[in-house]
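Raw query31.pdb, PDB, C-alpha atoms:
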```pdb
ATOM      1  CA  MET A   4     -38.685 -25.921 -11.519  1.00  0.00           C
ATOM      2  CA  ILE A   5     -42.438 -25.922 -11.134  1.00  0.00           C
ATOM      3  CA  SER A   6     -42.797 -22.608 -12.959  1.00  0.00           C
ATOM      4  CA  GLY A   7     -40.558 -23.837 -15.771  1.00  0.00           C
ATOM      5  CA  ARG A   8     -42.596 -26.986 -16.100  1.00  0.00           C
ATOM      6  CA  ARG A   9     -45.811 -24.955 -16.315  1.00  0.00           C
ATOM      7  CA  LEU A  10     -44.374 -22.780 -19.077  1.00  0.00           C
ATOM      8  CA  ILE A  11     -43.436 -25.877 -21.073  1.00  0.00           C
ATOM      9  CA  GLU A  12     -46.814 -27.535 -20.512  1.00  0.00           C
ATOM     10  CA  ALA A  13     -48.558 -24.322 -21.599  1.00  0.00           C
ATOM     11  CA  ASP A  14     -46.585 -24.385 -24.885  1.00  0.00           C
ATOM     12  CA  LEU A  15     -45.031 -21.021 -24.064  1.00  0.00           C
ATOM     13  CA  VAL A  16     -41.447 -22.301 -24.174  1.00  0.00           C
ATOM     14  CA  ASP A  17     -39.633 -25.447 -25.273  1.00  0.00           C
ATOM     15  CA  VAL A  18     -36.759 -25.073 -22.811  1.00  0.00           C
ATOM     16  CA  ALA A  19     -36.523 -23.375 -19.417  1.00  0.00           C
ATOM     17  CA  ILE A  20     -33.443 -22.627 -17.339  1.00  0.00           C
ATOM     18  CA  VAL A  21     -34.422 -22.897 -13.683  1.00  0.00           C
ATOM     19  CA  GLY A  22     -32.369 -22.389 -10.567  1.00  0.00           C
ATOM     20  CA  GLY A  23     -31.661 -20.589  -7.358  1.00  0.00           C
ATOM     21  CA  ALA A  24     -28.790 -18.923  -5.539  1.00  0.00           C
ATOM     22  CA  ASP A  25     -28.174 -17.519  -2.094  1.00  0.00           C
ATOM     23  CA  THR A  26     -25.052 -16.050  -0.539  1.00  0.00           C
ATOM     24  CA  LEU A  27     -23.914 -16.113   3.053  1.00  0.00           C
ATOM     25  CA  SER A  28     -24.538 -12.809   4.806  1.00  0.00           C
ATOM     26  CA  ARG A  29     -25.038 -11.472   8.294  1.00  0.00           C
ATOM     27  CA  MET A  30     -28.762 -10.814   7.913  1.00  0.00           C
ATOM     28  CA  PRO A  31     -29.998 -14.437   7.766  1.00  0.00           C
ATOM     29  CA  VAL A  32     -27.406 -15.560  10.301  1.00  0.00           C
ATOM     30  CA  ASN A  33     -28.525 -12.889  12.782  1.00  0.00           C
ATOM     31  CA  GLY A  34     -32.155 -13.561  11.958  1.00  0.00           C
ATOM     32  CA  PHE A  35     -31.946 -17.261  12.763  1.00  0.00           C
ATOM     33  CA  ASN A  36     -29.875 -16.454  15.821  1.00  0.00           C
ATOM     34  CA  SER A  37     -32.633 -14.146  17.083  1.00  0.00           C
ATOM     35  CA  LEU A  38     -35.079 -17.035  16.647  1.00  0.00           C
ATOM     36  CA  GLU A  39     -32.719 -19.241  18.693  1.00  0.00           C
ATOM     37  CA  SER A  40     -32.585 -21.567  15.692  1.00  0.00           C
ATOM     38  CA  LEU A  41     -28.895 -21.300  14.822  1.00  0.00           C
ATOM     39  CA  SER A  42     -26.567 -24.181  15.622  1.00  0.00           C
ATOM     40  CA  THR A  43     -23.108 -23.355  16.932  1.00  0.00           C
ATOM     41  CA  THR A  44     -21.724 -26.520  15.298  1.00  0.00           C
ATOM     42  CA  ARG A  45     -22.562 -28.493  12.172  1.00  0.00           C
ATOM     43  CA  CYS A  46     -26.306 -29.082  12.151  1.00  0.00           C
ATOM     44  CA  GLN A  47     -27.592 -32.484  13.262  1.00  0.00           C
ATOM     45  CA  PRO A  48     -30.868 -33.299  11.472  1.00  0.00           C
ATOM     46  CA  PHE A  49     -33.051 -35.695  13.483  1.00  0.00           C
ATOM     47  CA  GLY A  50     -30.394 -35.953  16.183  1.00  0.00           C
ATOM     48  CA  ARG A  51     -31.300 -36.010  19.851  1.00  0.00           C
ATOM     49  CA  ASP A  52     -29.175 -32.930  20.559  1.00  0.00           C
ATOM     50  CA  ARG A  53     -30.085 -30.931  17.454  1.00  0.00           C
ATOM     51  CA  CYS A  54     -30.289 -27.220  18.183  1.00  0.00           C
ATOM     52  CA  GLY A  55     -30.844 -25.459  14.871  1.00  0.00           C
ATOM     53  CA  ILE A  56     -29.637 -24.863  11.357  1.00  0.00           C
ATOM     54  CA  THR A  57     -26.221 -24.223   9.902  1.00  0.00           C
ATOM     55  CA  VAL A  58     -26.547 -21.415   7.360  1.00  0.00           C
ATOM     56  CA  GLY A  59     -24.900 -22.265   4.053  1.00  0.00           C
ATOM     57  CA  GLU A  60     -24.633 -20.724   0.636  1.00  0.00           C
ATOM     58  CA  GLY A  61     -24.948 -22.223  -2.806  1.00  0.00           C
ATOM     59  CA  ALA A  62     -26.400 -22.144  -6.271  1.00  0.00           C
ATOM     60  CA  ALA A  63     -27.693 -24.603  -8.838  1.00  0.00           C
ATOM     61  CA  LEU A  64     -29.180 -24.409 -12.319  1.00  0.00           C
ATOM     62  CA  MET A  65     -31.091 -26.980 -14.333  1.00  0.00           C
ATOM     63  CA  LEU A  66     -32.325 -27.183 -17.892  1.00  0.00           C
ATOM     64  CA  LEU A  67     -35.914 -28.320 -18.311  1.00  0.00           C
ATOM     65  CA  THR A  68     -36.884 -29.357 -21.807  1.00  0.00           C
ATOM     66  CA  ARG A  69     -39.898 -30.670 -23.644  1.00  0.00           C
ATOM     67  CA  GLU A  70     -37.780 -33.429 -25.180  1.00  0.00           C
ATOM     68  CA  PRO A  71     -37.536 -36.668 -23.155  1.00  0.00           C
ATOM     69  CA  GLN A  72     -34.421 -36.920 -20.993  1.00  0.00           C
ATOM     70  CA  SER A  73     -32.855 -39.626 -18.843  1.00  0.00           C
ATOM     71  CA  ILE A  74     -34.071 -37.838 -15.686  1.00  0.00           C
ATOM     72  CA  ALA A  75     -37.651 -36.568 -15.597  1.00  0.00           C
ATOM     73  CA  LEU A  76     -39.675 -34.317 -13.322  1.00  0.00           C
ATOM     74  CA  LEU A  77     -42.469 -36.809 -12.708  1.00  0.00           C
ATOM     75  CA  GLY A  78     -44.655 -34.906 -10.288  1.00  0.00           C
ATOM     76  CA  VAL A  79     -44.966 -31.737  -8.235  1.00  0.00           C
ATOM     77  CA  GLY A  80     -46.992 -30.654  -5.230  1.00  0.00           C
ATOM     78  CA  GLU A  81     -47.480 -27.253  -3.620  1.00  0.00           C
ATOM     79  CA  SER A  82     -49.349 -25.965  -0.600  1.00  0.00           C
ATOM     80  CA  SER A  83     -49.493 -22.980   1.725  1.00  0.00           C
ATOM     81  CA  ASP A  84     -50.910 -23.598   5.168  1.00  0.00           C
ATOM     82  CA  ALA A  85     -50.058 -20.076   6.464  1.00  0.00           C
ATOM     83  CA  HIS A  86     -49.962 -21.440  10.009  1.00  0.00           C
ATOM     84  CA  HIS A  87     -47.102 -19.272  11.284  1.00  0.00           C
ATOM     85  CA  ILE A  88     -44.418 -17.069   9.786  1.00  0.00           C
ATOM     86  CA  SER A  89     -41.558 -19.208  11.135  1.00  0.00           C
ATOM     87  CA  ALA A  90     -43.061 -22.484  12.374  1.00  0.00           C
ATOM     88  CA  PRO A  91     -44.602 -25.418  10.490  1.00  0.00           C
ATOM     89  CA  HIS A  92     -48.157 -26.536  11.113  1.00  0.00           C
ATOM     90  CA  PRO A  93     -47.964 -28.827  14.178  1.00  0.00           C
ATOM     91  CA  GLU A  94     -49.670 -31.651  12.293  1.00  0.00           C
ATOM     92  CA  GLY A  95     -47.807 -30.964   9.058  1.00  0.00           C
ATOM     93  CA  GLU A  96     -51.030 -30.438   7.116  1.00  0.00           C
ATOM     94  CA  GLY A  97     -49.416 -28.397   4.349  1.00  0.00           C
ATOM     95  CA  ALA A  98     -46.517 -30.823   4.006  1.00  0.00           C
ATOM     96  CA  VAL A  99     -48.924 -33.745   3.707  1.00  0.00           C
ATOM     97  CA  ARG A 100     -50.878 -31.977   0.959  1.00  0.00           C
ATOM     98  CA  ALA A 101     -47.736 -31.171  -1.022  1.00  0.00           C
ATOM     99  CA  ILE A 102     -46.444 -34.748  -0.849  1.00  0.00           C
ATOM    100  CA  ARG A 103     -49.802 -36.255  -1.775  1.00  0.00           C
ATOM    101  CA  GLN A 104     -50.149 -33.869  -4.714  1.00  0.00           C
ATOM    102  CA  ALA A 105     -46.704 -34.825  -6.000  1.00  0.00           C
ATOM    103  CA  LEU A 106     -47.516 -38.534  -5.742  1.00  0.00           C
ATOM    104  CA  ALA A 107     -50.869 -38.062  -7.487  1.00  0.00           C
ATOM    105  CA  ASP A 108     -49.308 -35.912 -10.206  1.00  0.00           C
ATOM    106  CA  ALA A 109     -46.753 -38.632 -10.897  1.00  0.00           C
ATOM    107  CA  GLY A 110     -49.298 -41.439 -10.633  1.00  0.00           C
ATOM    108  CA  LEU A 111     -47.182 -43.175  -8.004  1.00  0.00           C
ATOM    109  CA  HIS A 112     -47.899 -44.803  -4.652  1.00  0.00           C
ATOM    110  CA  PRO A 113     -45.766 -44.290  -1.526  1.00  0.00           C
ATOM    111  CA  HIS A 114     -44.183 -47.753  -1.775  1.00  0.00           C
ATOM    112  CA  GLU A 115     -42.910 -46.917  -5.274  1.00  0.00           C
ATOM    113  CA  ILE A 116     -40.571 -44.180  -4.003  1.00  0.00           C
ATOM    114  CA  GLY A 117     -36.904 -45.148  -3.793  1.00  0.00           C
ATOM    115  CA  TYR A 118     -35.611 -42.342  -1.575  1.00  0.00           C
ATOM    116  CA  ILE A 119     -36.853 -39.191   0.159  1.00  0.00           C
ATOM    117  CA  ASN A 120     -34.609 -36.150   0.428  1.00  0.00           C
ATOM    118  CA  LEU A 121     -35.988 -34.673   3.627  1.00  0.00           C
ATOM    119  CA  HIS A 122     -36.223 -30.955   4.353  1.00  0.00           C
ATOM    120  CA  GLY A 123     -34.567 -31.782   7.686  1.00  0.00           C
ATOM    121  CA  THR A 124     -33.303 -28.432   8.971  1.00  0.00           C
ATOM    122  CA  ALA A 125     -32.231 -29.747  12.410  1.00  0.00           C
ATOM    123  CA  THR A 126     -34.572 -27.434  14.283  1.00  0.00           C
ATOM    124  CA  SER A 127     -36.512 -29.171  17.015  1.00  0.00           C
ATOM    125  CA  LEU A 128     -39.982 -28.424  15.660  1.00  0.00           C
ATOM    126  CA  ASN A 129     -39.326 -28.876  11.936  1.00  0.00           C
ATOM    127  CA  ASP A 130     -37.702 -32.282  12.320  1.00  0.00           C
ATOM    128  CA  ARG A 131     -40.408 -33.488  14.688  1.00  0.00           C
ATOM    129  CA  VAL A 132     -43.223 -32.485  12.335  1.00  0.00           C
ATOM    130  CA  GLU A 133     -41.558 -33.815   9.180  1.00  0.00           C
ATOM    131  CA  ALA A 134     -40.635 -37.108  10.856  1.00  0.00           C
ATOM    132  CA  ARG A 135     -44.279 -37.622  11.810  1.00  0.00           C
ATOM    133  CA  VAL A 136     -45.517 -36.726   8.320  1.00  0.00           C
ATOM    134  CA  ILE A 137     -43.105 -39.154   6.659  1.00  0.00           C
ATOM    135  CA  HIS A 138     -44.003 -41.924   9.085  1.00  0.00           C
ATOM    136  CA  ASP A 139     -47.725 -41.420   8.536  1.00  0.00           C
ATOM    137  CA  LEU A 140     -47.409 -41.447   4.725  1.00  0.00           C
ATOM    138  CA  PHE A 141     -44.548 -43.896   4.141  1.00  0.00           C
ATOM    139  CA  GLY A 142     -44.054 -45.865   7.346  1.00  0.00           C
ATOM    140  CA  SER A 143     -40.464 -47.007   7.807  1.00  0.00           C
ATOM    141  CA  SER A 144     -39.964 -48.750   4.463  1.00  0.00           C
ATOM    142  CA  VAL A 145     -38.729 -45.861   2.277  1.00  0.00           C
ATOM    143  CA  PRO A 146     -35.086 -44.757   2.763  1.00  0.00           C
ATOM    144  CA  CYS A 147     -34.796 -41.092   3.693  1.00  0.00           C
ATOM    145  CA  SER A 148     -32.278 -38.556   4.964  1.00  0.00           C
ATOM    146  CA  SER A 149     -31.524 -34.851   5.049  1.00  0.00           C
ATOM    147  CA  THR A 150     -28.462 -33.557   3.217  1.00  0.00           C
ATOM    148  CA  LYS A 151     -28.285 -30.260   5.101  1.00  0.00           C
ATOM    149  CA  HIS A 152     -25.510 -31.554   7.357  1.00  0.00           C
ATOM    150  CA  LEU A 153     -23.430 -31.678   4.155  1.00  0.00           C
ATOM    151  CA  THR A 154     -24.410 -28.347   2.581  1.00  0.00           C
ATOM    152  CA  GLY A 155     -25.885 -26.304   5.393  1.00  0.00           C
ATOM    153  CA  HIS A 156     -29.264 -24.692   4.809  1.00  0.00           C
ATOM    154  CA  THR A 157     -28.707 -22.737   1.600  1.00  0.00           C
ATOM    155  CA  LEU A 158     -32.039 -20.930   2.100  1.00  0.00           C
ATOM    156  CA  GLY A 159     -33.149 -19.568  -1.303  1.00  0.00           C
ATOM    157  CA  ALA A 160     -30.996 -22.162  -3.048  1.00  0.00           C
ATOM    158  CA  ALA A 161     -31.985 -25.107  -0.837  1.00  0.00           C
ATOM    159  CA  GLY A 162     -34.793 -26.500  -2.992  1.00  0.00           C
ATOM    160  CA  ILE A 163     -32.855 -26.493  -6.252  1.00  0.00           C
ATOM    161  CA  THR A 164     -29.630 -27.665  -4.583  1.00  0.00           C
ATOM    162  CA  GLU A 165     -31.340 -30.687  -3.080  1.00  0.00           C
ATOM    163  CA  ALA A 166     -33.150 -31.356  -6.352  1.00  0.00           C
ATOM    164  CA  ALA A 167     -29.724 -31.362  -8.017  1.00  0.00           C
ATOM    165  CA  ILE A 168     -28.399 -33.807  -5.410  1.00  0.00           C
ATOM    166  CA  SER A 169     -31.393 -36.049  -6.073  1.00  0.00           C
ATOM    167  CA  MET A 170     -30.830 -35.809  -9.825  1.00  0.00           C
ATOM    168  CA  LEU A 171     -27.167 -36.792  -9.459  1.00  0.00           C
ATOM    169  CA  ILE A 172     -28.109 -39.807  -7.326  1.00  0.00           C
ATOM    170  CA  LEU A 173     -30.412 -40.951 -10.124  1.00  0.00           C
ATOM    171  CA  GLU A 174     -28.145 -40.070 -13.020  1.00  0.00           C
ATOM    172  CA  ARG A 175     -24.872 -41.423 -11.634  1.00  0.00           C
ATOM    173  CA  ARG A 176     -26.396 -44.219  -9.556  1.00  0.00           C
ATOM    174  CA  LEU A 177     -24.751 -42.860  -6.426  1.00  0.00           C
ATOM    175  CA  PRO A 178     -25.297 -44.415  -2.986  1.00  0.00           C
ATOM    176  CA  LEU A 179     -27.919 -42.741  -0.831  1.00  0.00           C
ATOM    177  CA  PRO A 180     -26.732 -39.961   1.510  1.00  0.00           C
ATOM    178  CA  VAL A 181     -26.148 -41.361   4.990  1.00  0.00           C
ATOM    179  CA  GLN A 182     -27.586 -39.437   7.938  1.00  0.00           C
ATOM    180  CA  ASP A 183     -24.726 -38.545  10.253  1.00  0.00           C
ATOM    181  CA  PHE A 184     -25.378 -39.364  13.903  1.00  0.00           C
ATOM    182  CA  SER A 185     -21.724 -39.264  14.980  1.00  0.00           C
ATOM    183  CA  GLN A 186     -22.223 -36.061  17.001  1.00  0.00           C
ATOM    184  CA  SER A 187     -25.712 -36.787  18.242  1.00  0.00           C
ATOM    185  CA  PRO A 188     -27.636 -40.098  18.232  1.00  0.00           C
ATOM    186  CA  PHE A 189     -31.019 -40.379  16.562  1.00  0.00           C
ATOM    187  CA  ASP A 190     -33.719 -38.705  18.626  1.00  0.00           C
ATOM    188  CA  PRO A 191     -35.675 -41.550  20.292  1.00  0.00           C
ATOM    189  CA  ALA A 192     -38.703 -39.262  20.600  1.00  0.00           C
ATOM    190  CA  LEU A 193     -39.110 -39.315  16.806  1.00  0.00           C
ATOM    191  CA  PRO A 194     -40.858 -42.128  14.914  1.00  0.00           C
ATOM    192  CA  GLU A 195     -38.597 -44.720  13.326  1.00  0.00           C
ATOM    193  CA  ASN A 196     -38.643 -43.850   9.646  1.00  0.00           C
ATOM    194  CA  GLY A 197     -36.404 -45.360   7.001  1.00  0.00           C
ATOM    195  CA  ILE A 198     -33.486 -43.090   7.969  1.00  0.00           C
ATOM    196  CA  VAL A 199     -30.386 -44.059   5.980  1.00  0.00           C
ATOM    197  CA  ARG A 200     -27.804 -45.076   8.579  1.00  0.00           C
ATOM    198  CA  GLN A 201     -25.337 -46.856   6.312  1.00  0.00           C
ATOM    199  CA  SER A 202     -24.407 -46.736   2.643  1.00  0.00           C
ATOM    200  CA  GLN A 203     -26.961 -48.373   0.361  1.00  0.00           C
ATOM    201  CA  PRO A 204     -27.948 -48.182  -3.301  1.00  0.00           C
ATOM    202  CA  LEU A 205     -31.135 -46.669  -4.647  1.00  0.00           C
ATOM    203  CA  ALA A 206     -33.530 -49.608  -4.976  1.00  0.00           C
ATOM    204  CA  ARG A 207     -36.179 -47.840  -7.092  1.00  0.00           C
ATOM    205  CA  PRO A 208     -35.396 -45.049  -9.586  1.00  0.00           C
ATOM    206  CA  THR A 209     -37.703 -42.435  -8.043  1.00  0.00           C
ATOM    207  CA  ILE A 210     -36.817 -39.708  -5.536  1.00  0.00           C
ATOM    208  CA  LEU A 211     -39.073 -37.358  -3.585  1.00  0.00           C
ATOM    209  CA  SER A 212     -37.487 -34.072  -2.479  1.00  0.00           C
ATOM    210  CA  ASN A 213     -39.184 -31.886   0.138  1.00  0.00           C
ATOM    211  CA  SER A 214     -38.816 -28.141   0.725  1.00  0.00           C
ATOM    212  CA  PHE A 215     -40.893 -26.643   3.536  1.00  0.00           C
ATOM    213  CA  ALA A 216     -40.272 -22.920   3.940  1.00  0.00           C
ATOM    214  CA  PHE A 217     -41.216 -20.121   6.316  1.00  0.00           C
ATOM    215  CA  GLY A 218     -44.790 -18.911   6.109  1.00  0.00           C
ATOM    216  CA  GLY A 219     -46.111 -22.422   5.563  1.00  0.00           C
ATOM    217  CA  ASN A 220     -44.973 -22.626   1.936  1.00  0.00           C
ATOM    218  CA  ASN A 221     -44.452 -26.275   1.020  1.00  0.00           C
ATOM    219  CA  VAL A 222     -43.163 -27.908  -2.146  1.00  0.00           C
ATOM    220  CA  SER A 223     -42.504 -31.557  -2.973  1.00  0.00           C
ATOM    221  CA  ILE A 224     -41.125 -32.759  -6.290  1.00  0.00           C
ATOM    222  CA  LEU A 225     -40.710 -36.248  -7.688  1.00  0.00           C
ATOM    223  CA  LEU A 226     -37.794 -37.080  -9.979  1.00  0.00           C
ATOM    224  CA  GLY A 227     -37.331 -40.339 -11.840  1.00  0.00           C
ATOM    225  CA  ARG A 228     -34.749 -42.097 -13.988  1.00  0.00           C
ATOM    226  CA  MET A 229     -36.251 -43.019 -17.326  1.00  0.00           C
ATOM    227  CA  ALA A 230     -33.367 -45.047 -18.780  1.00  0.00           C
TER
END
```
Encoded form using structure tokens:
Amino acid sequence: MISGRRLIEADLVDVAIVGGADTLSRMPVNGFNSLESLSTTRCQPFGRDRCGITVGEGAALMLLTREPQSIALLGVGESSDAHHISAPHPEGEGAVRAIRQALADAGLHPHEIGYINLHGTATSLNDRVEARVIHDLFGSSVPCSSTKHLTGHTLGAAGITEAAISMLILERRLPLPVQDFSQSPFDPALPENGIVRQSQPLARPTILSNSFAFGGNNVSILLGRMA
């Protein structure tokens, strides 16, 4: 999405098809298992008993265009903290930079965000770091949740899939995804953010979606409903 936007802004193209796809295979499953980051049941983001990801598969495509649309890519942020090949920076420095860049690019303040689609992989370290980052930047006032308990972690397709979920929430005025704590209660060691615990509408037509990948590669995008 970010590359497509750059091509449009550089007047190289008028329309860009952007997307991602990843299929389920033994290699990533065995890889995460070797890292002791693979859940044996459905993943439990931000749950007390979370024990790793559920590997999923998926694909999504979007059409970015120069012409105004009902849903707009308002802002983007990127960073690479290169802290560790498979662990986030303990203070979430790269994640903070990506989120702040996206907010600045969109000209928005934290309190103007209606919902945050969290990266939320259900690994112990990732959820702890992201929960702290969100609390430090947004407090507990902005609704947020991870949708990976619904889709699994689709790896190379995760960013675009969750952007598509965010777009559909805006476009169809869907209720916010509820974080499922039926298998494991919320981890009391994490800060109390605005985790969505029951169905509620989107109060403000802006959504931040986070994708924090291996190697310290971090991306945050801001989508908004224009009409």
Fill in: Pick from A:Val199, A:Met65, A:Ala75, A:Ala125, whichever lies nearest to Gly155 in chain A using all atoms listed in the file
A:Ala125
Worksheet entry | Test item: the PyMOL selection byres ((chain A and resi 30-34) around 12) resolved as a ChimeraX atom specification | /A:25-29,35-43,55-60,89,155-159
Worksheet entry | Nearest candidate to Leu121 in chain A (options A:Pro48, A:Gly61, A:Gly78, A:Pro91; using only C-alpha atoms) |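 When distances to Leu121 in chain A are compared using only C-alpha atoms, the smallest one comes from A:Pro48.
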Worksheet entry | Shell around range 203-211 of chain A at 6 Å using only C-alpha atoms, local window under 2 positions removed, as an MDAnalysis selection string | chainID A and resid 116:119 178:179 224:228
Item to complete: Decode the PyMOL selection byres ((chain A and resi 141) around 10) for the given file into explicit residues and return them as a VMD selection string.
Response: chain A and resid 112 to 114 116 119 135 to 140 142 to 146 196 to 197
Worksheet item: Applied to this file, what does the PyMOL selection byres ((chain A and resi 107) around 12) return in terms of residues, put as a PyMOL selection string?
Response: chain A and resi 77-81+100-106+108-113+223-225
Worksheet item: Which is closest to Ser127 in chain A among A:Ile163, A:Pro93, A:Ala13, A:Leu177, if we use only C-alpha atoms?
Response: A:Pro93
Provide an axis-aligned box for all listed atoms of range 101-104 of chain A, padding each side by 5 Å; report its centre and its edge lengths in Å to one decimal, as lines of an AutoDock Vina configuration file.
```
center_x = -48.3
center_y = -33.7
center_z = -2.8
size_x = 13.7
size_y = 15.1
size_z = 13.9
```
File output for range 76-143 of chain A (C-alpha atoms) as a PDB file, in the first residue's frame:
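In the end it all went to result.pdb:
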```pdb
ATOM      1  CA  LEU A  76      -5.258   6.144   3.052  1.00  0.00           C
ATOM      2  CA  LEU A  77      -4.731   9.149   5.308  1.00  0.00           C
ATOM      3  CA  GLY A  78      -1.278   8.468   6.674  1.00  0.00           C
ATOM      4  CA  VAL A  79       1.572   5.972   6.776  1.00  0.00           C
ATOM      5  CA  GLY A  80       4.541   5.355   9.037  1.00  0.00           C
ATOM      6  CA  GLU A  81       7.543   3.063   8.674  1.00  0.00           C
ATOM      7  CA  SER A  82      10.538   2.218  10.816  1.00  0.00           C
ATOM      8  CA  SER A  83      13.225  -0.420  11.216  1.00  0.00           C
ATOM      9  CA  ASP A  84      14.779  -0.730  14.641  1.00  0.00           C
ATOM     10  CA  ALA A  85      16.824  -3.863  13.744  1.00  0.00           C
ATOM     11  CA  HIS A  86      16.850  -4.856  17.413  1.00  0.00           C
ATOM     12  CA  HIS A  87      16.590  -8.620  16.897  1.00  0.00           C
ATOM     13  CA  ILE A  88      15.710 -10.973  14.071  1.00  0.00           C
ATOM     14  CA  SER A  89      12.668 -12.407  15.879  1.00  0.00           C
ATOM     15  CA  ALA A  90      11.945 -10.157  18.869  1.00  0.00           C
ATOM     16  CA  PRO A  91      10.605  -6.594  19.072  1.00  0.00           C
ATOM     17  CA  HIS A  92      12.566  -3.823  20.732  1.00  0.00           C
ATOM     18  CA  PRO A  93      11.788  -4.146  24.469  1.00  0.00           C
ATOM     19  CA  GLU A  94      10.637  -0.529  24.639  1.00  0.00           C
ATOM     20  CA  GLY A  95       8.870  -0.662  21.283  1.00  0.00           C
ATOM     21  CA  GLU A  96      10.955   2.189  19.882  1.00  0.00           C
ATOM     22  CA  GLY A  97      10.374   1.263  16.244  1.00  0.00           C
ATOM     23  CA  ALA A  98       6.651   0.757  16.781  1.00  0.00           C
ATOM     24  CA  VAL A  99       6.371   4.163  18.439  1.00  0.00           C
ATOM     25  CA  ARG A 100       8.143   5.837  15.513  1.00  0.00           C
ATOM     26  CA  ALA A 101       5.896   4.164  12.945  1.00  0.00           C
ATOM     27  CA  ILE A 102       2.703   5.156  14.767  1.00  0.00           C
ATOM     28  CA  ARG A 103       3.844   8.736  15.305  1.00  0.00           C
ATOM     29  CA  GLN A 104       4.826   9.053  11.646  1.00  0.00           C
ATOM     30  CA  ALA A 105       1.411   7.810  10.538  1.00  0.00           C
ATOM     31  CA  LEU A 106      -0.355  10.285  12.827  1.00  0.00           C
ATOM     32  CA  ALA A 107       1.842  13.161  11.639  1.00  0.00           C
ATOM     33  CA  ASP A 108       1.383  12.189   7.992  1.00  0.00           C
ATOM     34  CA  ALA A 109      -2.385  12.248   8.446  1.00  0.00           C
ATOM     35  CA  GLY A 110      -2.336  15.419  10.536  1.00  0.00           C
ATOM     36  CA  LEU A 111      -4.234  13.671  13.319  1.00  0.00           C
ATOM     37  CA  HIS A 112      -3.858  13.477  17.090  1.00  0.00           C
ATOM     38  CA  PRO A 113      -4.168  10.248  19.105  1.00  0.00           C
ATOM     39  CA  HIS A 114      -7.609  11.176  20.469  1.00  0.00           C
ATOM     40  CA  GLU A 115      -8.935  11.491  16.905  1.00  0.00           C
ATOM     41  CA  ILE A 116      -8.458   7.776  16.169  1.00  0.00           C
ATOM     42  CA  GLY A 117     -11.623   5.680  16.284  1.00  0.00           C
ATOM     43  CA  TYR A 118     -10.100   2.199  16.466  1.00  0.00           C
ATOM     44  CA  ILE A 119      -6.693   0.507  16.455  1.00  0.00           C
ATOM     45  CA  ASN A 120      -6.228  -2.837  14.736  1.00  0.00           C
ATOM     46  CA  LEU A 121      -3.407  -4.208  16.851  1.00  0.00           C
ATOM     47  CA  HIS A 122      -0.622  -6.431  15.543  1.00  0.00           C
ATOM     48  CA  GLY A 123      -1.409  -8.694  18.509  1.00  0.00           C
ATOM     49  CA  THR A 124       0.231 -12.011  17.630  1.00  0.00           C
ATOM     50  CA  ALA A 125      -0.431 -13.652  21.032  1.00  0.00           C
ATOM     51  CA  THR A 126       3.248 -14.193  21.748  1.00  0.00           C
ATOM     52  CA  SER A 127       4.246 -13.192  25.247  1.00  0.00           C
ATOM     53  CA  LEU A 128       6.813 -10.570  24.260  1.00  0.00           C
ATOM     54  CA  ASN A 129       5.024  -9.015  21.278  1.00  0.00           C
ATOM     55  CA  ASP A 130       1.766  -8.447  23.136  1.00  0.00           C
ATOM     56  CA  ARG A 131       3.552  -7.037  26.171  1.00  0.00           C
ATOM     57  CA  VAL A 132       5.545  -4.535  24.112  1.00  0.00           C
ATOM     58  CA  GLU A 133       2.629  -3.463  21.912  1.00  0.00           C
ATOM     59  CA  ALA A 134       0.299  -3.082  24.900  1.00  0.00           C
ATOM     60  CA  ARG A 135       2.806  -0.738  26.534  1.00  0.00           C
ATOM     61  CA  VAL A 136       3.299   1.271  23.335  1.00  0.00           C
ATOM     62  CA  ILE A 137      -0.446   1.726  22.845  1.00  0.00           C
ATOM     63  CA  HIS A 138      -0.940   2.721  26.470  1.00  0.00           C
ATOM     64  CA  ASP A 139       1.868   5.270  26.323  1.00  0.00           C
ATOM     65  CA  LEU A 140       0.573   6.866  23.098  1.00  0.00           C
ATOM     66  CA  PHE A 141      -3.205   6.515  23.452  1.00  0.00           C
ATOM     67  CA  GLY A 142      -3.948   5.741  27.091  1.00  0.00           C
ATOM     68  CA  SER A 143      -7.103   3.676  27.519  1.00  0.00           C
TER      69      SER A 143
END
```
